[in-house]
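Below: the structure, in structure tokens.
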Amino acid sequence: MKNYLLVESHPSHPERLEEFNRWYDEVHIPEVVALDGFVGAIRLAPADPDGGPSVTIYELDGDPQAAKDNVHAAAAAKQLNMSDSLSYGPIPKMRILALQSDHLPIFVYMF
């Protein structure tokens with residue numbers, strides 16, 4: 001069974017969106033994907049003008065809770081280069097999801 005870690009996050013301020021996107025794509029995702037239990041990631045931005053969170057979907061390998069714990073441990077040990085362009089109000093939401101069905105050919109090309 002495939003598992004994914006879905007993360008919803010926001011920039012700390014709308015004026016810092018470009019900085020947030022650059023940090024997330026060029027620094028954060030590569031650091032997280034290098035951790036044990038992670039295979040790859042895709043990142044989605046809100047398409048509507050009202051905004052909403054940025055969503056990152058990480059593909060996991062092995063125990064999904066262990067992968068999530070690895071992110072928390074790396075952050076606590078300051079092994080991840082965090083940015084103040086990331087909002088902590090609201091705190092990023094993290095959820096582990098299991099693949100229910102696979103009818104979307106787009107995912108074949110993303111991972």
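Identifiers for the structure tokens are assigned positionally: chains receive A, B, ... in sequence, residues are indexed from 1 per chain, and ligands are indexed from 1 in the order shown.
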
- Message: What's around range 82-98 of chain A at 6 Å? Count only C-alpha atoms, leave out sequence neighbours fewer than 5 positions away in its own chain, and write the answer as a list in words.
- Response: Lys2, Asn3, Tyr4, Leu5, Leu6, Val7, Glu8, Ser9, His10, Pro11, Ser12 and Phe20 of chain A

Could you save the residues just selected, with N, CA, C and O atoms, as a PDB file, in the first residue's frame?
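Heads up, here's the output in part25.pdb:
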```
ATOM      1  N   LYS A   2       0.572   2.192  -0.863  1.00  0.00           N
ATOM      2  CA  LYS A   2       1.319   3.450  -0.906  1.00  0.00           C
ATOM      3  C   LYS A   2       0.754   4.406   0.141  1.00  0.00           C
ATOM      4  O   LYS A   2      -0.452   4.496   0.339  1.00  0.00           O
ATOM      5  N   ASN A   3       1.672   5.131   0.766  1.00  0.00           N
ATOM      6  CA  ASN A   3       1.293   6.145   1.744  1.00  0.00           C
ATOM      7  C   ASN A   3       1.899   7.477   1.342  1.00  0.00           C
ATOM      8  O   ASN A   3       2.961   7.526   0.706  1.00  0.00           O
ATOM      9  N   TYR A   4       1.224   8.521   1.748  1.00  0.00           N
ATOM     10  CA  TYR A   4       1.640   9.875   1.423  1.00  0.00           C
ATOM     11  C   TYR A   4       1.544  10.740   2.668  1.00  0.00           C
ATOM     12  O   TYR A   4       0.695  10.509   3.534  1.00  0.00           O
ATOM     13  N   LEU A   5       2.395  11.740   2.741  1.00  0.00           N
ATOM     14  CA  LEU A   5       2.301  12.749   3.784  1.00  0.00           C
ATOM     15  C   LEU A   5       1.849  14.025   3.104  1.00  0.00           C
ATOM     16  O   LEU A   5       2.531  14.535   2.207  1.00  0.00           O
ATOM     17  N   LEU A   6       0.695  14.521   3.488  1.00  0.00           N
ATOM     18  CA  LEU A   6       0.141  15.744   2.927  1.00  0.00           C
ATOM     19  C   LEU A   6       0.415  16.871   3.919  1.00  0.00           C
ATOM     20  O   LEU A   6       0.115  16.731   5.110  1.00  0.00           O
ATOM     21  N   VAL A   7       1.010  17.952   3.440  1.00  0.00           N
ATOM     22  CA  VAL A   7       1.335  19.096   4.293  1.00  0.00           C
ATOM     23  C   VAL A   7       0.694  20.345   3.708  1.00  0.00           C
ATOM     24  O   VAL A   7       0.881  20.655   2.527  1.00  0.00           O
ATOM     25  N   GLU A   8      -0.069  21.059   4.531  1.00  0.00           N
ATOM     26  CA  GLU A   8      -0.669  22.332   4.150  1.00  0.00           C
ATOM     27  C   GLU A   8       0.085  23.435   4.875  1.00  0.00           C
ATOM     28  O   GLU A   8       0.224  23.389   6.099  1.00  0.00           O
ATOM     29  N   SER A   9       0.574  24.428   4.142  1.00  0.00           N
ATOM     30  CA  SER A   9       1.318  25.512   4.761  1.00  0.00           C
ATOM     31  C   SER A   9       1.022  26.831   4.058  1.00  0.00           C
ATOM     32  O   SER A   9       0.476  26.856   2.955  1.00  0.00           O
ATOM     33  N   HIS A  10       1.400  27.910   4.723  1.00  0.00           N
ATOM     34  CA  HIS A  10       1.145  29.266   4.230  1.00  0.00           C
ATOM     35  C   HIS A  10       2.415  30.109   4.351  1.00  0.00           C
ATOM     36  O   HIS A  10       3.217  29.880   5.258  1.00  0.00           O
ATOM     37  N   PRO A  11       2.559  31.106   3.498  1.00  0.00           N
ATOM     38  CA  PRO A  11       3.648  32.067   3.711  1.00  0.00           C
ATOM     39  C   PRO A  11       3.330  32.930   4.933  1.00  0.00           C
ATOM     40  O   PRO A  11       2.165  33.106   5.301  1.00  0.00           O
ATOM     41  N   SER A  12       4.371  33.460   5.557  1.00  0.00           N
ATOM     42  CA  SER A  12       4.170  34.286   6.754  1.00  0.00           C
ATOM     43  C   SER A  12       3.469  35.607   6.440  1.00  0.00           C
ATOM     44  O   SER A  12       2.839  36.199   7.309  1.00  0.00           O
ATOM     45  N   PHE A  20       8.876  32.510  -0.015  1.00  0.00           N
ATOM     46  CA  PHE A  20       8.343  31.260   0.516  1.00  0.00           C
ATOM     47  C   PHE A  20       8.409  30.152  -0.530  1.00  0.00           C
ATOM     48  O   PHE A  20       8.891  29.051  -0.252  1.00  0.00           O
TER      49      PHE A  20
END
```

- Message: So that I can check the secondary structure, give me every residue of chain A assigned strand (DSSP E or B) by backbone DSSP, as a list in words.
- Response: Asn3, Tyr4, Leu5, Leu6, Val7, Glu8, Ser9, Pro11, Phe38, Val39, Gly40, Ala41, Ile42, Arg43, Leu44, Ser54, Val55, Thr56, Ile57, Tyr58, Glu59, Leu60, Leu86, Lys93, Met94, Arg95, Ile96, Leu97 and Ala98 of chain A

Same residues, N, CA and C atoms, output as a short mmCIF file (atom, residue, chain, number, x, y, z; two decimals), in the first residue's frame:
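The file below, selection.cif, is the result:
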```cif
data_model
loop_
_atom_site.label_atom_id
_atom_site.label_comp_id
_atom_site.auth_asym_id
_atom_site.auth_seq_id
_atom_site.Cartn_x
_atom_site.Cartn_y
_atom_site.Cartn_z
N ASN A 3 1.67 5.13 0.77
CA ASN A 3 1.29 6.15 1.74
C ASN A 3 1.90 7.48 1.34
N TYR A 4 1.22 8.52 1.75
CA TYR A 4 1.64 9.88 1.42
C TYR A 4 1.54 10.74 2.67
N LEU A 5 2.40 11.74 2.74
CA LEU A 5 2.30 12.75 3.78
C LEU A 5 1.85 14.03 3.10
N LEU A 6 0.70 14.52 3.49
CA LEU A 6 0.14 15.74 2.93
C LEU A 6 0.42 16.87 3.92
N VAL A 7 1.01 17.95 3.44
CA VAL A 7 1.34 19.10 4.29
C VAL A 7 0.69 20.35 3.71
N GLU A 8 -0.07 21.06 4.53
CA GLU A 8 -0.67 22.33 4.15
C GLU A 8 0.08 23.43 4.88
N SER A 9 0.57 24.43 4.14
CA SER A 9 1.32 25.51 4.76
C SER A 9 1.02 26.83 4.06
N PRO A 11 2.56 31.11 3.50
CA PRO A 11 3.65 32.07 3.71
C PRO A 11 3.33 32.93 4.93
N PHE A 38 11.26 8.86 2.74
CA PHE A 38 10.68 9.72 1.71
C PHE A 38 11.21 9.33 0.33
N VAL A 39 10.30 9.34 -0.66
CA VAL A 39 10.65 8.96 -2.03
C VAL A 39 10.68 10.17 -2.95
N GLY A 40 9.69 11.03 -2.86
CA GLY A 40 9.58 12.19 -3.74
C GLY A 40 8.46 13.09 -3.26
N ALA A 41 8.23 14.17 -4.01
CA ALA A 41 7.20 15.12 -3.60
C ALA A 41 6.67 15.89 -4.80
N ILE A 42 5.44 16.34 -4.66
CA ILE A 42 4.87 17.33 -5.57
C ILE A 42 4.32 18.44 -4.70
N ARG A 43 4.29 19.63 -5.24
CA ARG A 43 3.78 20.78 -4.50
C ARG A 43 2.74 21.49 -5.34
N LEU A 44 1.64 21.85 -4.70
CA LEU A 44 0.51 22.49 -5.37
C LEU A 44 0.27 23.86 -4.75
N SER A 54 -0.65 26.28 0.56
CA SER A 54 0.19 25.53 -0.36
C SER A 54 0.09 24.08 0.12
N VAL A 55 0.02 23.14 -0.80
CA VAL A 55 -0.10 21.72 -0.42
C VAL A 55 1.08 20.97 -1.02
N THR A 56 1.79 20.25 -0.17
CA THR A 56 2.88 19.40 -0.63
C THR A 56 2.49 17.96 -0.31
N ILE A 57 2.65 17.09 -1.30
CA ILE A 57 2.35 15.67 -1.12
C ILE A 57 3.65 14.91 -1.28
N TYR A 58 4.10 14.31 -0.18
CA TYR A 58 5.32 13.52 -0.19
C TYR A 58 4.96 12.05 -0.32
N GLU A 59 5.60 11.33 -1.24
CA GLU A 59 5.42 9.89 -1.34
C GLU A 59 6.35 9.25 -0.32
N LEU A 60 5.79 8.29 0.43
CA LEU A 60 6.53 7.64 1.50
C LEU A 60 6.88 6.21 1.15
N LEU A 86 7.88 31.06 6.22
CA LEU A 86 6.86 30.05 6.52
C LEU A 86 6.06 30.51 7.72
N LYS A 93 -0.20 21.99 8.66
CA LYS A 93 -0.94 20.76 8.97
C LYS A 93 -0.29 19.60 8.24
N MET A 94 -0.10 18.50 8.95
CA MET A 94 0.49 17.30 8.36
C MET A 94 -0.48 16.13 8.57
N ARG A 95 -0.76 15.41 7.48
CA ARG A 95 -1.62 14.23 7.58
C ARG A 95 -1.03 13.10 6.76
N ILE A 96 -1.05 11.91 7.33
CA ILE A 96 -0.65 10.72 6.59
C ILE A 96 -1.89 10.17 5.89
N LEU A 97 -1.76 9.91 4.60
CA LEU A 97 -2.86 9.37 3.82
C LEU A 97 -2.41 8.09 3.13
N ALA A 98 -3.33 7.12 3.06
CA ALA A 98 -3.06 5.87 2.36
C ALA A 98 -3.78 5.91 1.02
#
```

- Message: Could you pull out the helix (DSSP H, G or I) residues of chain A, going by DSSP on the backbone, and write them as a ChimeraX atom specification?
- Response: /A:14-33,64-76,106-110

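Restricting the calculation to only C-alpha atoms, the smallest distance between Ala45 in chain A and any of A:Leu99, A:Leu17, A:Ala73, A:Val33 is found for A:Leu17.
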
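Proximity ranking of A:Ile29, A:Met1, A:Leu35, A:Leu80 relative to Ala67 in chain A places A:Leu35 first, based on only C-alpha atoms.
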